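Have a look at start.cif below; it lists mmCIF, C-alpha atoms.
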```
data_protein
#
loop_
_atom_site.group_PDB
_atom_site.id
_atom_site.type_symbol
_atom_site.label_atom_id
_atom_site.label_comp_id
_atom_site.auth_asym_id
_atom_site.auth_seq_id
_atom_site.Cartn_x
_atom_site.Cartn_y
_atom_site.Cartn_z
ATOM 1 C CA MET A 14 122.671 115.968 45.845
ATOM 2 C CA GLU A 15 123.162 118.739 48.396
ATOM 3 C CA SER A 16 120.155 120.638 47.041
ATOM 4 C CA TYR A 17 117.655 118.254 48.647
ATOM 5 C CA PRO A 18 118.149 119.571 52.213
ATOM 6 C CA ALA A 19 117.818 123.143 50.952
ATOM 7 C CA VAL A 20 114.571 122.278 49.175
ATOM 8 C CA TYR A 21 113.294 120.605 52.335
ATOM 9 C CA GLU A 22 114.201 123.685 54.439
ATOM 10 C CA GLU A 23 112.417 125.969 51.962
ATOM 11 C CA GLN A 24 109.304 123.793 52.141
ATOM 12 C CA ASN A 25 109.577 123.707 55.932
ATOM 13 C CA ASP A 26 109.885 127.535 56.088
ATOM 14 C CA SER A 27 106.992 127.888 53.657
ATOM 15 C CA THR A 28 104.875 125.530 55.774
ATOM 16 C CA LYS A 29 105.746 127.456 58.943
ATOM 17 C CA GLN A 30 104.849 130.756 57.259
ATOM 18 C CA GLN A 31 101.575 129.320 56.021
ATOM 19 C CA GLU A 32 100.753 127.998 59.493
ATOM 20 C CA ARG A 33 101.610 131.381 61.010
ATOM 21 C CA HIS A 34 99.435 133.113 58.404
ATOM 22 C CA TYR A 35 96.465 130.894 59.241
ATOM 23 C CA TYR A 36 97.037 131.425 62.969
ATOM 24 C CA LEU A 37 97.184 135.226 62.568
ATOM 25 C CA LEU A 38 94.142 135.235 60.286
ATOM 26 C CA SER A 39 92.169 133.165 62.778
ATOM 27 C CA GLU A 40 93.154 135.475 65.643
ATOM 28 C CA LEU A 41 92.256 138.566 63.620
ATOM 29 C CA GLN A 42 88.862 137.088 62.744
ATOM 30 C CA THR A 43 88.234 136.502 66.456
ATOM 31 C CA LEU A 44 89.361 140.024 67.421
ATOM 32 C CA VAL A 45 87.223 141.642 64.696
ATOM 33 C CA LYS A 46 84.109 140.345 66.461
ATOM 34 C CA ASP A 47 84.740 142.935 69.211
ATOM 35 C CA LEU A 48 84.493 145.818 66.714
ATOM 36 C CA PRO A 49 81.228 147.605 65.923
ATOM 37 C CA SER A 50 79.287 145.760 63.225
ATOM 38 C CA SER A 51 79.662 148.634 60.755
ATOM 39 C CA PHE A 52 83.436 148.118 60.797
ATOM 40 C CA GLN A 53 83.208 144.333 60.816
ATOM 41 C CA GLN A 54 81.358 144.560 57.507
ATOM 42 C CA ARG A 55 84.130 146.672 55.979
ATOM 43 C CA LEU A 56 86.881 144.226 56.959
ATOM 44 C CA SER A 57 86.682 141.568 54.287
ATOM 45 C CA TYR A 58 88.355 138.185 54.471
ATOM 46 C CA THR A 59 90.870 139.439 51.898
ATOM 47 C CA THR A 60 91.751 142.515 53.995
ATOM 48 C CA LEU A 61 92.233 140.373 57.110
ATOM 49 C CA SER A 62 94.268 137.843 55.143
ATOM 50 C CA ASP A 63 96.478 140.616 53.751
ATOM 51 C CA LEU A 64 96.883 142.038 57.262
ATOM 52 C CA ALA A 65 97.837 138.611 58.602
ATOM 53 C CA GLN A 66 100.382 138.321 55.776
ATOM 54 C CA ALA A 67 101.875 141.705 56.696
ATOM 55 C CA LEU A 68 102.186 140.626 60.345
ATOM 56 C CA ILE A 69 103.945 137.289 59.738
ATOM 57 C CA ASP A 70 107.531 138.367 60.447
ATOM 58 C CA GLY A 71 106.736 140.794 63.285
ATOM 59 C CA THR A 72 108.191 143.840 61.526
ATOM 60 C CA VAL A 73 104.836 145.634 61.489
ATOM 61 C CA TYR A 74 104.586 145.162 65.262
ATOM 62 C CA ASP A 75 107.939 146.916 65.633
ATOM 63 C CA ILE A 76 106.874 149.713 63.280
ATOM 64 C CA VAL A 77 103.575 150.254 65.123
ATOM 65 C CA GLN A 78 105.363 150.273 68.486
ATOM 66 C CA GLY A 79 107.895 152.790 67.165
ATOM 67 C CA LEU A 80 105.121 155.026 65.837
ATOM 68 C CA LEU A 81 103.310 154.774 69.173
ATOM 69 C CA ASP A 82 106.481 155.745 71.058
ATOM 70 C CA ILE A 83 107.021 158.741 68.760
ATOM 71 C CA GLN A 84 103.384 159.780 69.180
ATOM 72 C CA HIS A 85 103.632 159.601 72.985
ATOM 73 C CA LEU A 86 106.829 161.667 72.977
ATOM 74 C CA THR A 87 105.220 164.242 70.690
ATOM 75 C CA GLU A 88 102.093 164.423 72.850
ATOM 76 C CA ARG A 89 104.181 164.809 76.016
ATOM 77 C CA ASN A 90 106.309 167.517 74.395
ATOM 78 C CA LEU A 91 103.262 169.453 73.185
ATOM 79 C CA TYR A 92 101.595 169.105 76.593
ATOM 80 C CA ASN A 93 104.746 170.444 78.272
ATOM 81 C CA GLN A 94 104.869 173.391 75.845
ATOM 82 C CA ARG A 95 101.240 174.207 76.622
ATOM 83 C CA GLN A 96 101.844 173.911 80.369
ATOM 84 C CA LYS A 97 104.878 176.203 80.098
ATOM 85 C CA LEU A 98 102.771 178.788 78.262
ATOM 86 C CA HIS A 99 100.048 178.462 80.917
ATOM 87 C CA CYS A 100 102.630 179.047 83.699
ATOM 88 C CA GLU A 101 104.030 182.075 81.858
ATOM 89 C CA HIS A 102 100.522 183.507 81.552
ATOM 90 C CA ARG A 103 99.794 182.910 85.216
ATOM 91 C CA ALA A 104 103.044 184.687 86.152
ATOM 92 C CA LEU A 105 102.155 187.638 83.891
ATOM 93 C CA LYS A 106 98.718 187.928 85.504
ATOM 94 C CA GLN A 107 100.182 187.736 89.014
ATOM 95 C CA ASP A 108 102.778 190.396 88.171
ATOM 96 C CA LEU A 109 100.090 192.679 86.782
ATOM 97 C CA VAL A 110 97.900 192.243 89.883
ATOM 98 C CA ARG A 111 100.912 192.975 92.134
ATOM 99 C CA LYS A 112 101.848 196.035 90.051
ATOM 100 C CA HIS A 113 98.260 197.301 90.214
ATOM 101 C CA LYS A 114 98.067 196.870 94.003
ATOM 102 C CA GLU A 115 101.346 198.712 94.497
ATOM 103 C CA ALA A 116 100.199 201.554 92.237
ATOM 104 C CA LEU A 117 96.876 201.868 94.074
ATOM 105 C CA GLN A 118 98.676 202.119 97.423
ATOM 106 C CA VAL A 119 100.681 205.178 96.353
ATOM 107 C CA CYS A 120 97.951 206.734 94.185
ATOM 108 C CA LYS A 121 96.491 210.085 95.173
ATOM 109 C CA SER A 122 92.720 209.998 95.683
ATOM 110 C CA HIS A 123 92.015 212.469 92.875
ATOM 111 C CA ASN A 124 93.803 210.138 90.359
ATOM 112 C CA LEU A 125 92.148 206.942 91.628
ATOM 113 C CA ALA A 126 89.356 206.754 89.003
ATOM 114 C CA VAL A 127 91.770 207.344 86.103
ATOM 115 C CA MET A 128 94.216 204.763 87.469
ATOM 116 C CA LYS A 129 91.490 202.133 87.904
ATOM 117 C CA THR A 130 90.324 202.734 84.336
ATOM 118 C CA ASN A 131 93.901 202.379 83.050
ATOM 119 C CA GLN A 132 94.422 199.223 85.097
ATOM 120 C CA GLN A 133 91.183 197.742 83.766
ATOM 121 C CA GLY A 134 92.464 198.417 80.231
ATOM 122 C CA GLU A 135 95.802 196.731 81.024
ATOM 123 C CA THR A 136 93.996 193.718 82.514
ATOM 124 C CA GLU A 137 91.735 193.385 79.458
ATOM 125 C CA ALA A 138 94.715 193.750 77.093
ATOM 126 C CA LEU A 139 96.555 190.999 78.957
ATOM 127 C CA GLU A 140 93.477 188.727 78.829
ATOM 128 C CA ILE A 141 93.234 189.255 75.058
ATOM 129 C CA ARG A 142 96.947 188.496 74.651
ATOM 130 C CA VAL A 143 96.640 185.334 76.785
ATOM 131 C CA ARG A 144 93.610 184.083 74.842
ATOM 132 C CA GLU A 145 95.334 184.747 71.506
ATOM 133 C CA GLU A 146 98.560 182.986 72.550
ATOM 134 C CA GLN A 147 96.569 179.998 73.868
ATOM 135 C CA ARG A 148 94.579 179.829 70.623
ATOM 136 C CA MET A 149 97.798 179.932 68.593
ATOM 137 C CA MET A 150 99.342 177.197 70.768
ATOM 138 C CA ASP A 151 96.234 175.021 70.386
ATOM 139 C CA GLU A 152 96.296 175.500 66.604
ATOM 140 C CA LYS A 153 99.988 174.556 66.579
ATOM 141 C CA ILE A 154 99.181 171.399 68.558
ATOM 142 C CA VAL A 155 96.396 170.416 66.147
ATOM 143 C CA VAL A 156 98.647 170.974 63.126
ATOM 144 C CA GLU A 157 101.484 168.938 64.664
ATOM 145 C CA MET A 158 99.175 166.074 65.622
ATOM 146 C CA ASP A 159 97.572 166.093 62.158
ATOM 147 C CA GLN A 160 101.064 165.888 60.654
ATOM 148 C CA LYS A 161 101.905 163.009 63.005
ATOM 149 C CA VAL A 162 98.817 161.130 61.745
ATOM 150 C CA ILE A 163 99.893 161.711 58.126
ATOM 151 C CA ASP A 164 103.421 160.479 58.942
ATOM 152 C CA GLN A 165 101.972 157.350 60.585
ATOM 153 C CA GLN A 166 99.635 156.669 57.674
ATOM 154 C CA ASN A 167 102.485 157.077 55.204
ATOM 155 C CA THR A 168 104.841 154.837 57.193
ATOM 156 C CA LEU A 169 102.247 152.062 57.512
ATOM 157 C CA GLU A 170 101.300 152.358 53.845
ATOM 158 C CA MET A 171 104.975 152.098 52.840
ATOM 159 C CA ALA A 172 105.306 149.035 55.100
ATOM 160 C CA GLY A 173 102.505 147.394 53.117
ATOM 161 C CA VAL A 174 99.913 147.342 55.902
ATOM 162 C CA PRO A 175 96.495 147.024 54.245
ATOM 163 C CA GLY A 176 93.993 149.811 54.917
ATOM 164 C CA PHE A 177 96.614 152.491 55.468
ATOM 165 C CA TYR A 178 97.012 155.475 53.197
ATOM 166 C CA ILE A 179 96.969 159.223 53.733
ATOM 167 C CA THR A 180 93.429 160.416 54.379
ATOM 168 C CA THR A 181 91.515 162.923 56.471
ATOM 169 C CA ASN A 182 88.153 161.186 55.982
ATOM 170 C CA PRO A 183 86.794 160.576 59.527
ATOM 171 C CA GLN A 184 85.339 157.163 58.630
ATOM 172 C CA GLU A 185 88.607 156.013 57.101
ATOM 173 C CA LEU A 186 90.559 157.361 60.083
ATOM 174 C CA THR A 187 88.285 155.391 62.410
ATOM 175 C CA MET A 188 88.855 152.282 60.299
ATOM 176 C CA GLN A 189 92.624 152.807 60.513
ATOM 177 C CA ILE A 190 92.368 153.243 64.295
ATOM 178 C CA ASN A 191 90.429 149.966 64.479
ATOM 179 C CA LEU A 192 93.097 148.228 62.389
ATOM 180 C CA LEU A 193 95.800 149.580 64.707
ATOM 181 C CA GLU A 194 93.858 148.325 67.722
ATOM 182 C CA LEU A 195 93.641 144.874 66.114
ATOM 183 C CA ILE A 196 97.391 144.882 65.501
ATOM 184 C CA LEU A 197 98.151 146.002 69.074
ATOM 185 C CA LYS A 198 95.750 143.457 70.628
ATOM 186 C CA LEU A 199 97.237 140.678 68.533
ATOM 187 C CA GLN A 200 100.762 141.772 69.439
ATOM 188 C CA GLN A 201 99.835 141.806 73.122
ATOM 189 C CA LYS A 202 98.238 138.375 72.885
ATOM 190 C CA GLU A 203 101.285 136.946 71.134
ATOM 191 C CA SER A 204 103.641 138.549 73.669
ATOM 192 C CA GLN A 205 101.681 137.104 76.584
ATOM 193 C CA SER A 206 101.534 133.639 75.059
ATOM 194 C CA GLY A 207 105.255 133.689 74.251
ATOM 195 C CA VAL A 208 104.807 133.489 70.469
ATOM 196 C CA LEU A 209 106.790 136.717 70.115
ATOM 197 C CA SER A 210 110.129 136.776 71.850
#
```

Rendering of file as structure tokens:
Amino acid sequence: MESYPAVYEEQNDSTKQQERHYYLLSELQTLVKDLPSSFQQRLSYTTLSDLAQALIDGTVYDIVQGLLDIQHLTERNLYNQRQKLHCEHRALKQDLVRKHKEALQVCKSHNLAVMKTNQQGETEALEIRVREEQRMMDEKIVVEMDQKVIDQQNTLEMAGVPGFYITTNPQELTMQINLLELILKLQQKESQSGVLS
């Protein structure tokens, strides 16, 4: 006879989950209206229903927030690396200018033209080095951010979030960004209304 309360609790939990699913689906359908029509057309009822299902227990919210935190840390770290390189380059340029001024002050007039030509060559060599190091840093940043996107896609795919898989297709990436925005807006709305604790 003790199984009756357990059956009732299971039905109650199932009813609560179903109500939450309908609530999330309704909210997603409302939020989708803010997207460009080309993306609205690609988000079928089934996709939104599957997304609502994935969001029921709040785990996906936590995953998305964790991925966002990691992305912000990565971006900040890469920005700091680039700034450090920029400061190093500025210091190199200032040192070279100082060195050139000092050399010109002690230079004999008959060597002045040769020295200026040599200094011009040093300045151009430094400019080439700076440009090359900046290009390499920028390429490194792009590669790291591309890898971060792949990691995020993989994590969300493994978590069962519909629409997420590893891709470099710009249209699919834009769709995934729109899905993430829907998730974040819904999370914010639920947080503000007290649904999420």

Within 9 Å of stretch 59-73 of chain A: each stretch 97-210 of chain A residue with its shortest pair, all atoms listed in the file, as a tab-separated table:
```
residue	atom	partner	partner_atom	distance
A:Leu169	CA	A:Val73	CA	8.0
A:Ala172	CA	A:Val73	CA	7.3
A:Gly173	CA	A:Ala67	CA	6.8
A:Val174	CA	A:Ala67	CA	6.0
A:Pro175	CA	A:Leu64	CA	5.8
A:Gly176	CA	A:Thr60	CA	7.7
A:Leu192	CA	A:Leu64	CA	8.9
A:Ile196	CA	A:Leu68	CA	8.2
A:Gln200	CA	A:Gly71	CA	8.6
A:Leu209	CA	A:Gly71	CA	8.0
```

For each of A:Leu98, A:Leu80, A:Leu197, A:Leu186, take the minimum atom-to-atom distance to A:Arg148, counting only C-alpha atoms, then give the residue where this is smallest.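 For A:Arg148, the nearest of the given residues is A:Leu98.
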
Record the distance separating atom CA of A:Ile154 and atom CA of A:Leu91, expressed in Å with one decimal. 6.5 Å

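Taking only C-alpha atoms into account, A:Gln160 lies nearest to A:Thr87 out of the set A:Thr87, A:Lys97, A:Glu146, A:Gly207.
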
Residue among A:Thr181, A:Gln201, A:Thr28, A:Gln165 lying closest to A:Gly79, counting all atoms listed in the file: A:Gln165

Separation of atom CA of A:Asp151 and atom CA of A:Gln96, in Å?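 So the two atoms, atom CA of A:Asp151 and atom CA of A:Gln96, lie 11.5 Å apart.
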
A:Glu140 surroundings by all atoms listed in the file, 9 Å radius, close-in-sequence under 5 positions cut, as a PyMOL selection string: chain A and resi 106+135+145

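With distances taken over all atoms listed in the file, A:Lys202 is the one residue among A:Arg142, A:His99, A:His123, A:Lys202 lying closest to A:Glu40.
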
So, with all atoms listed in the file as the atoms that count, which of A:Met158, A:Leu199, A:Leu109, A:Leu193 lies closest to A:Val77?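 Checking each of A:Met158, A:Leu199, A:Leu109, A:Leu193 against A:Val77, counting all atoms listed in the file, the winner is A:Leu193.
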
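Straight-line separation from atom CA of A:Leu38 to atom CA of A:Tyr178: 21.6 Å.
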
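The nearest approach to A:Thr130 among the residues A:Tyr74, A:Arg144, A:Leu37, A:His113, with only C-alpha atoms taken into account, belongs to A:His113.
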
To box stretch 132-150 of chain A, take all atoms listed in the file, fit an axis-aligned box, add 5 Å on each side, and give centre and edge lengths in Å to one decimal, as AutoDock Vina command-line options.
```
--center_x 95.3 --center_y 188.2 --center_z 76.8 --size_x 18.2 --size_y 32.0 --size_z 26.5
```

Starting from the PyMOL selection byres ((chain A and resi 188) around 10), expand the selection into actual residues of this file and give them as an MDAnalysis selection string. chainID A and resid 51:53 55:56 176:177 182:187 189:194
